[in-house]
$ cat coords.txt   # compact mmCIF, C-alpha atoms and all ligand atoms
# COMPACT_ATOMS: atom_id res chain seq x y z
CA MET A 448 0.00 0.00 0.00
CA SER A 449 1.43 3.36 -1.03
CA ARG A 450 2.37 5.84 1.65
CA ALA A 451 0.09 8.31 -0.09
CA PHE A 452 -2.82 6.62 1.66
CA GLU A 453 -1.40 7.05 5.11
CA HIS A 454 -1.71 10.72 5.84
CA GLU A 455 -5.15 11.10 7.32
CA ASP A 456 -3.95 12.97 10.32
CA ALA A 457 -1.68 15.39 8.55
CA ASP A 458 -0.92 17.65 11.49
CA ALA A 459 0.05 14.85 13.82
CA GLU A 460 2.18 13.40 11.08
CA GLN A 461 3.81 16.72 10.44
CA LYS A 462 4.77 17.04 14.09
CA LEU A 463 6.14 13.53 14.11
CA ALA A 464 8.07 14.16 10.92
CA ARG A 465 9.64 17.32 12.33
CA LYS A 466 10.65 15.48 15.46
CA ARG A 467 12.06 12.57 13.52
CA ARG A 468 13.96 14.79 11.14
CA LYS A 469 15.47 17.11 13.69
CA PRO A 470 19.20 16.99 13.03
CA GLN A 471 20.90 15.31 15.92
CA GLY A 472 23.73 17.80 16.12
CA LYS A 473 27.11 17.58 14.60
CA ARG A 474 28.82 14.33 15.24
CA LYS A 475 32.24 13.31 14.11
CA LEU A 476 32.61 10.12 12.15
CA ALA A 477 34.13 8.36 15.11
CA ASP A 478 31.16 9.16 17.37
CA LEU A 479 28.52 7.67 15.10
CA GLY A 480 28.36 4.10 14.04
CA SER A 481 27.30 2.47 17.27
CA GLY A 482 24.98 -0.46 16.74
CA ALA A 483 24.79 -0.82 13.01
CA GLU A 484 27.84 -2.84 12.08
CA THR A 485 27.34 -2.09 8.41
CA VAL A 486 27.44 1.69 8.85
CA ASP A 487 30.81 2.14 10.54
CA PRO A 488 32.93 0.62 7.75
CA VAL A 489 31.04 2.67 5.18
CA PHE A 490 31.90 5.94 6.94
CA ALA A 491 35.52 4.83 7.33
CA GLN A 492 35.72 3.80 3.68
CA LEU A 493 34.26 7.08 2.46
CA GLU A 494 36.61 9.02 4.68
CA MET A 495 39.56 7.05 3.36
CA LEU A 496 38.49 7.78 -0.20
CA GLY A 497 38.44 11.46 0.73
CA VAL A 498 34.75 11.68 -0.15
CA ILE A 499 33.49 12.82 3.24
CA THR A 500 35.15 14.52 6.16
CA GLU A 501 32.32 14.68 8.68
CA VAL A 502 28.95 13.09 9.26
CA MET A 503 26.77 15.84 10.68
CA ALA A 504 23.38 14.30 11.38
CA GLU A 505 21.15 11.37 10.74
CA ILE A 506 18.30 12.64 8.59
CA LYS A 507 16.04 9.66 8.35
CA SER A 508 16.15 6.01 9.06
CA GLY A 509 13.63 3.98 7.10
CA LYS A 510 13.10 0.29 6.65
CA GLU A 511 15.41 0.16 3.68
CA ALA A 512 18.02 2.84 4.09
CA THR A 513 19.34 5.52 6.41
CA VAL A 514 20.11 8.96 5.04
CA TYR A 515 22.83 11.07 6.69
CA GLN A 516 23.88 14.67 6.23
CA ALA A 517 27.62 14.77 5.66
CA ARG A 518 30.28 17.21 4.62
CA GLY A 519 33.01 16.84 2.03
CA ASP A 520 35.15 18.85 -0.35
CA GLN A 521 32.10 19.21 -2.58
CA GLY A 522 29.97 20.77 0.16
CA LEU A 523 26.99 19.20 1.90
CA ILE A 524 26.37 15.60 0.94
CA ALA A 525 23.41 13.29 1.44
CA LEU A 526 24.67 9.82 2.17
CA LYS A 527 22.09 7.07 1.68
CA ILE A 528 23.25 3.86 3.22
CA TYR A 529 21.35 0.66 2.56
CA ARG A 530 21.00 -1.42 5.64
CA ASP A 531 21.50 -5.04 6.18
CA VAL A 532 19.09 -6.32 3.57
CA ALA A 533 18.13 -9.33 5.63
CA ALA A 534 15.65 -6.98 7.35
CA ARG A 535 14.33 -5.66 4.08
CA SER A 536 11.28 -6.69 2.14
CA PHE A 537 11.88 -8.24 -1.23
CA LYS A 538 9.18 -6.20 -2.93
CA ASN A 539 11.60 -5.23 -5.62
CA THR A 540 11.74 -8.76 -6.93
CA GLY A 541 7.98 -8.79 -7.60
CA GLN A 542 5.91 -6.40 -9.60
CA TYR A 543 8.61 -3.75 -9.62
CA GLY A 544 11.15 -5.81 -11.51
CA LEU A 545 14.69 -5.26 -10.33
CA GLY A 546 15.15 -1.62 -11.04
CA LEU A 547 17.42 -0.81 -13.93
CA ALA A 548 20.46 -2.72 -12.80
CA ARG A 549 20.21 -5.93 -14.73
CA SER A 550 21.35 -8.85 -12.73
CA SER A 551 23.38 -11.78 -13.95
CA ASP A 552 22.09 -15.36 -13.76
CA ALA A 553 24.36 -15.92 -10.78
CA VAL A 554 22.88 -12.95 -8.94
CA ASN A 555 19.37 -14.10 -9.76
CA LYS A 556 20.08 -17.54 -8.37
CA ALA A 557 21.56 -16.04 -5.23
CA ILE A 558 18.51 -13.83 -4.76
CA ALA A 559 16.19 -16.76 -5.33
CA ALA A 560 18.06 -18.67 -2.63
CA ARG A 561 17.61 -15.69 -0.30
CA GLY A 562 20.62 -16.63 1.73
CA SER A 563 23.18 -14.11 2.92
CA ARG A 564 24.82 -14.08 -0.51
CA GLY A 565 21.44 -13.31 -2.06
CA ALA A 566 20.87 -10.48 0.36
CA ALA A 567 24.28 -8.95 -0.36
CA ALA A 568 23.71 -9.28 -4.10
CA LEU A 569 20.35 -7.59 -3.79
CA GLN A 570 21.84 -4.77 -1.75
CA ASP A 571 24.48 -4.12 -4.44
CA LEU A 572 21.72 -4.18 -7.01
CA TRP A 573 19.67 -1.55 -5.19
CA VAL A 574 22.63 0.78 -4.86
CA ALA A 575 23.64 0.24 -8.48
CA SER A 576 20.06 0.71 -9.62
CA GLU A 577 19.64 3.96 -7.70
CA TYR A 578 22.97 5.31 -8.97
CA MET A 579 22.23 4.42 -12.57
CA VAL A 580 18.92 6.24 -12.47
CA LEU A 581 20.36 9.24 -10.65
CA TRP A 582 23.09 9.66 -13.26
CA GLN A 583 20.72 9.20 -16.16
CA LEU A 584 18.20 11.70 -14.79
CA TRP A 585 20.85 14.21 -13.79
CA ASN A 586 22.42 14.12 -17.27
CA ALA A 587 18.97 14.44 -18.85
CA GLY A 588 18.38 17.63 -16.85
CA LEU A 589 15.69 16.35 -14.49
CA PRO A 590 15.27 17.91 -11.03
CA VAL A 591 17.20 15.36 -8.98
CA PRO A 592 20.06 15.77 -6.48
CA GLU A 593 23.41 15.76 -8.25
CA PRO A 594 25.13 12.38 -7.88
CA LEU A 595 28.54 12.91 -6.31
CA ILE A 596 30.56 9.92 -7.40
CA GLY A 597 31.50 9.28 -10.92
CA PRO A 598 30.90 9.83 -13.76
CA GLU A 599 31.47 6.08 -13.78
CA PRO A 600 30.29 5.04 -10.33
CA PHE A 601 30.17 1.33 -10.92
CA ASP A 602 33.52 0.31 -9.44
CA TYR A 603 32.54 2.21 -6.35
CA VAL A 604 29.04 0.88 -5.95
CA GLN A 605 30.25 -2.67 -6.12
CA SER A 606 32.20 -2.13 -2.95
CA SER A 607 29.91 0.04 -0.84
CA PRO A 608 26.25 0.04 0.11
CA ALA A 609 25.99 3.85 -0.13
CA VAL A 610 24.63 6.38 -2.58
CA LEU A 611 26.16 9.87 -2.39
CA MET A 612 24.37 12.89 -3.73
CA ARG A 613 24.07 16.63 -3.21
CA PHE A 614 22.31 17.43 0.07
CA ILE A 615 19.11 19.42 -0.57
CA GLY A 616 18.69 21.86 2.30
CA ASP A 617 21.20 23.82 4.34
CA GLU A 618 23.54 23.38 7.30
CA ASN A 619 20.64 23.33 9.74
CA ALA A 620 18.06 21.08 8.14
CA PRO A 621 17.13 19.08 5.07
CA ALA A 622 14.55 20.37 2.64
CA PRO A 623 11.06 19.31 3.73
CA ARG A 624 9.22 16.70 1.72
CA LEU A 625 6.17 17.99 -0.11
CA SER A 626 4.14 15.71 2.14
CA GLU A 627 4.97 17.94 5.10
CA ALA A 628 5.70 21.35 3.55
CA ARG A 629 3.25 24.16 4.15
CA LEU A 630 2.48 25.81 0.82
CA SER A 631 0.53 28.89 -0.19
CA PRO A 632 -2.02 28.28 -2.97
CA ASP A 633 0.42 29.68 -5.55
CA GLU A 634 3.24 27.53 -4.25
CA ALA A 635 0.97 24.47 -4.29
CA GLN A 636 0.10 25.14 -7.94
CA SER A 637 3.77 25.56 -8.81
CA ALA A 638 4.76 22.40 -6.91
CA TRP A 639 2.00 20.45 -8.68
CA ARG A 640 3.09 21.66 -12.15
CA GLN A 641 6.74 20.89 -11.39
CA SER A 642 5.85 17.42 -10.10
CA LEU A 643 3.82 16.69 -13.23
CA GLU A 644 6.61 17.93 -15.45
CA ALA A 645 9.22 15.81 -13.66
CA MET A 646 6.99 12.74 -14.02
CA ALA A 647 6.45 13.55 -17.70
CA ARG A 648 10.18 13.92 -18.32
CA LEU A 649 10.72 10.55 -16.66
CA HIS A 650 7.98 9.05 -18.83
CA LYS A 651 9.60 10.55 -21.91
CA LEU A 652 12.77 8.65 -21.04
CA GLY A 653 10.69 5.45 -20.88
CA LEU A 654 10.92 5.28 -17.09
CA VAL A 655 8.42 5.04 -14.23
CA HIS A 656 9.40 6.06 -10.69
CA GLY A 657 7.34 3.38 -8.98
CA ASP A 658 6.88 5.25 -5.67
CA TYR A 659 5.91 8.70 -6.86
CA SER A 660 4.10 10.90 -4.37
CA THR A 661 4.79 13.93 -2.18
CA TYR A 662 6.71 11.56 0.11
CA ASN A 663 9.50 11.33 -2.44
CA LEU A 664 9.49 14.96 -3.57
CA LEU A 665 11.52 17.59 -1.72
CA TRP A 666 10.62 21.28 -1.68
CA TRP A 667 13.48 23.74 -1.57
CA GLU A 668 13.58 27.43 -2.52
CA GLY A 669 10.50 27.12 -4.69
CA SER A 670 11.72 24.04 -6.56
CA VAL A 671 10.62 20.43 -6.51
CA MET A 672 13.33 17.78 -6.32
CA MET A 673 12.62 14.14 -7.04
CA ILE A 674 14.33 11.46 -4.91
CA ASP A 675 14.40 7.74 -4.13
CA PHE A 676 15.07 5.67 -7.25
CA PRO A 677 16.01 2.05 -6.56
CA GLN A 678 12.62 0.79 -7.77
CA VAL A 679 12.47 2.77 -11.02
CA SER A 680 11.37 0.59 -13.94
CA ASP A 681 11.97 0.80 -17.67
CA LYS A 682 10.30 -0.65 -20.75
CA THR A 683 11.47 -4.16 -19.99
CA ASN A 684 8.98 -4.25 -17.10
CA PRO A 685 5.69 -5.72 -18.39
CA ASN A 686 3.79 -3.80 -15.69
CA LEU A 687 5.13 -0.41 -16.73
CA GLN A 688 1.77 1.06 -17.71
CA SER A 689 0.03 0.00 -14.52
CA LEU A 690 2.96 1.36 -12.46
CA LEU A 691 2.63 4.68 -14.31
CA ARG A 692 -1.08 4.72 -13.55
CA ARG A 693 -0.43 3.96 -9.90
CA ASP A 694 2.13 6.77 -9.69
CA ALA A 695 -0.44 9.16 -11.16
CA HIS A 696 -2.92 7.98 -8.56
CA SER A 697 -0.49 8.42 -5.63
CA LEU A 698 0.65 11.82 -6.82
CA ALA A 699 -2.89 13.19 -7.19
CA LEU A 700 -3.98 11.69 -3.88
CA SER A 701 -0.98 13.00 -1.95
CA PHE A 702 -1.45 16.51 -3.39
CA LYS A 703 -5.02 16.76 -2.07
CA ARG A 704 -3.76 18.21 1.21
CA HIS A 705 -2.33 21.10 -0.81
CA GLY A 706 -5.74 21.79 -2.33
CA ILE A 707 -5.02 20.23 -5.72
CA ARG A 708 -8.12 18.53 -7.06
CA GLU A 709 -6.98 16.11 -9.73
CA ASP A 710 -7.48 12.39 -10.05
CA GLU A 711 -5.59 9.45 -11.51
CA GLU A 712 -7.15 9.87 -14.95
CA SER A 713 -6.61 13.60 -15.37
CA THR A 714 -3.07 13.33 -13.96
CA LEU A 715 -2.18 10.53 -16.33
CA ARG A 716 -3.55 12.43 -19.32
CA GLU A 717 -1.60 15.55 -18.41
CA VAL A 718 1.63 13.60 -17.88
CA GLU A 719 1.21 11.94 -21.29
CA ARG A 720 0.43 15.26 -22.95
CA LEU A 721 3.47 16.91 -21.37
CA ALA A 722 5.68 13.98 -22.35
CA ARG A 723 4.70 14.57 -26.00
CA THR A 724 5.26 18.32 -25.92
CA LEU A 725 8.16 19.02 -23.53
CA VAL A 726 11.49 19.86 -25.12
CA ASP A 727 14.54 17.99 -23.78
CA ARG A 728 16.94 20.05 -21.67
CA PRO A 729 20.01 17.86 -21.11
CA ARG A 730 22.63 19.22 -18.72
CA LEU A 731 25.83 20.32 -20.35
CA ARG A 732 28.69 18.03 -19.52
CA LEU A 733 31.87 19.78 -18.50
CA PRO A 734 34.95 18.49 -20.37
N1 LIG B 801 19.61 14.50 -1.40
C1 LIG B 801 18.92 14.67 -0.27
N2 LIG B 801 18.97 15.85 0.40
C2 LIG B 801 18.28 16.03 1.55
N3 LIG B 801 17.51 15.10 2.13
C3 LIG B 801 17.41 13.89 1.51
C4 LIG B 801 18.11 13.62 0.30
N4 LIG B 801 17.82 12.35 -0.07
C5 LIG B 801 17.00 11.87 0.87
N5 LIG B 801 16.74 12.78 1.82
C6 LIG B 801 15.88 12.62 3.02
O1 LIG B 801 15.92 11.27 3.43
C7 LIG B 801 14.63 10.69 3.34
C8 LIG B 801 14.73 9.26 2.88
O2 LIG B 801 15.26 9.21 1.57
P1 LIG B 801 14.70 8.17 0.50
O3 LIG B 801 13.27 8.43 0.25
O4 LIG B 801 15.61 8.21 -0.67
O5 LIG B 801 14.94 6.81 1.28
P2 LIG B 801 13.96 5.60 1.69
O6 LIG B 801 14.72 4.71 2.59
O7 LIG B 801 13.44 5.01 0.46
O8 LIG B 801 12.87 6.28 2.52
P3 LIG B 801 11.32 5.96 2.46
O9 LIG B 801 11.17 4.50 2.70
O10 LIG B 801 10.78 6.84 3.53
O11 LIG B 801 10.86 6.39 1.09
C9 LIG B 801 13.85 11.59 2.39
O12 LIG B 801 12.47 11.56 2.66
C10 LIG B 801 14.43 12.95 2.69
O13 LIG B 801 13.84 13.50 3.85
MG MG B 802 11.53 7.64 0.01
$ encode --input "coords.txt" --output "structure tokens"
Amino acid sequence: MSRAFEHEDADAEQKLARKRRKPQGKRKLADLGSGAETVDPVFAQLEMLGVITEVMAEIKSGKEATVYQARGDQGLIALKIYRDVAARSFKNTGQYGLGLARSSDAVNKAIAARGSRGAAALQDLWVASEYMVLWQLWNAGLPVPEPLIGPEPFDYVQSSPAVLMRFIGDENAPAPRLSEARLSPDEAQSAWRQSLEAMARLHKLGLVHGDYSTYNLLWWEGSVMMIDFPQVSDKTNPNLQSLLRRDAHSLALSFKRHGIREDEESTLREVERLARTLVDRPRLRLP
């Protein structure tokens, strides 16, 4: 069931979200890492690689990944670390397909066996899948956080369960999700149009987000930023059209609290219309 259905008591949820997201103060790498055995080595590895110098706060810990605010030479970094996948649902092996990272026969067998090797393989696949999408969307000019490893991240992702990207927000706090942002009517209209356009640009690339709602859209300085990509599907997924329809449904439903009155059908039509008419705006690659 999509999270879009879960926000009946918006105010209570907002309070909870604020509490949960409150940065926990600046903490040095060495002070974090208690408990989660998988996290410590990741911080150490990233520090060794010179990618991060300080982990500042834990932003959010979900059932699949924990996102940290970190600092590095490139400024503020969001560090998304996939947890021990033994605790994770295997939803991605069902209707979603396996994201865009195509797995080898050996990986498929390991996943089917669901032993520790399968779990590790699946974890690599999720990181690789999220990175691949992030790079593709960034290069295509979509509103996503800039990926901060690469341009060929694949050696790296094979050896670490983390995705690094530009942190959206400032020193003090992350950008709010659209699910919890308070918007004026004009801002709500703008956020809705931007969310439709981002979905249409994705559709134009032959991709479907697969978990598209205000819960995976950040709001920062008047702009919408799309996040959370491990479950993105492409044309090889036979359920692509129904996933697109479901995303349209979740988006419209989750925007109701901002006063937007659209439904699955009208949202889908508008996304398809935009996908036919929008002009590509790829980002220029620096030499
Ligand atoms: N680049 C970023 N900049 C700032 N905050 C971010 C960034 N990426 C993620 N976050 C924060 O971390 C949260 C979790 O990120 P994301 O949705 O990618 O992970 P998730 O584990 O799939 O979470 P969920 O299960 O809640 O969807 C986001 O809702 C957002 O608040
Ligand atoms: Mg998410």
$ closest_atom_pairs --input "coords.txt" --of "segment 576-694 of chain A" --to "segment 727-730 of chain A" --cutoff "8 Å" --atoms "only C-alpha atoms" --output "tab-separated table"
residue	atom	partner	partner_atom	distance
A:Trp585	CA	A:Arg730	CA	7.3
A:Asn586	CA	A:Arg730	CA	5.3
A:Ala587	CA	A:Pro729	CA	4.2
A:Gly588	CA	A:Pro729	CA	4.6
$ axis_aligned_box --input "coords.txt" --around "segment 574-585 of chain A" --padding-each-side "4 Å" --output "AutoDock Vina command-line options"
--center_x 20.9 --center_y 7.2 --center_z -10.5 --size_x 13.4 --size_y 22.0 --size_z 19.3
$ residues_around --input "coords.txt" --residues "Ser689 of chain A" --least-positions-apart "5" --cutoff "12 Å" --atoms "only C-alpha atoms" --output "number ranges by chain"
A: 542-543, 655-657, 680, 684, 694-696, 711, 715
$ atom_distance --input "coords.txt" --atom1 "atom C2 of ligand LIG 801 (chain B)" --atom2 "atom CA of Gln583 of chain A"
19.1 Å
$ atom_distance --input "coords.txt" --atom1 "atom CA of Ile707 of chain A" --atom2 "atom CA of Ala722 of chain A"
20.7 Å
$ atom_distance --input "coords.txt" --atom1 "atom CA of Leu523 of chain A" --atom2 "atom CA of Phe614 of chain A"
5.3 Å
$ residues_around --input "coords.txt" --residues "Lys682 of chain A" --least-positions-apart "2" --cutoff "10 Å" --atoms "only C-alpha atoms" --output "ChimeraX atom specification"
/A:547,652-655,680,684-688
$ residues_around --input "coords.txt" --residues "Ala647 of chain A" --least-positions-apart "4" --cutoff "9 Å" --atoms "all atoms listed in the file" --output "ChimeraX atom specification"
/A:642-643,651-652,717-723,725
$ closest_residue --input "coords.txt" --among "A:Leu630, A:Ala645, A:Met673, A:Ile499" --to "ligand MG 802 (chain B)" --atoms "all atoms listed in the file"
A:Met673
$ residues_around --input "coords.txt" --residues "segment 638-640 of chain A" --least-positions-apart "6" --cutoff "12 Å" --atoms "all atoms listed in the file" --output "PyMOL selection string"
chain A and resi 624-626+628-632+646-647+660-661+664-673+695+698-709+714+717-718+721
$ residues_around --input "coords.txt" --residues "Lys527 of chain A" --least-positions-apart "3" --cutoff "10 Å" --atoms "only C-alpha atoms" --output "ChimeraX atom specification"
/A:506-508,511-516,524,530,574,608-612,675
$ closest_atom_pairs --input "coords.txt" --of "chain A" --to "ligand MG 802 (chain B)" --cutoff "7 Å" --atoms "all atoms listed in the file" --output "tab-separated table"
residue	atom	partner	partner_atom	distance
A:Tyr662	CA	B:MG802	MG	6.2
A:Asn663	CA	B:MG802	MG	4.9
A:Ile674	CA	B:MG802	MG	6.8
A:Asp675	CA	B:MG802	MG	5.0
$ residues_near_point --input "coords.txt" --point "(32.9, 16.8, -0.9)" --cutoff "8 Å" --atoms "all atoms listed in the file" --output "list of chain:residue names"
A:Gly497, A:Val498, A:Ile499, A:Thr500, A:Arg518, A:Gly519, A:Asp520, A:Gln521, A:Gly522, A:Leu523, A:Ile524, A:Leu595
$ closest_residue --input "coords.txt" --among "A:Gln678, A:Thr724, A:Thr683, A:Ser713" --to "ligand LIG 801 (chain B)" --atoms "only C-alpha atoms and all ligand atoms"
A:Gln678
$ closest_residue --input "coords.txt" --among "A:Ala525, A:Leu572, A:Ala517, A:Met503" --to "ligand LIG 801 (chain B)" --atoms "all atoms listed in the file"
A:Ala525
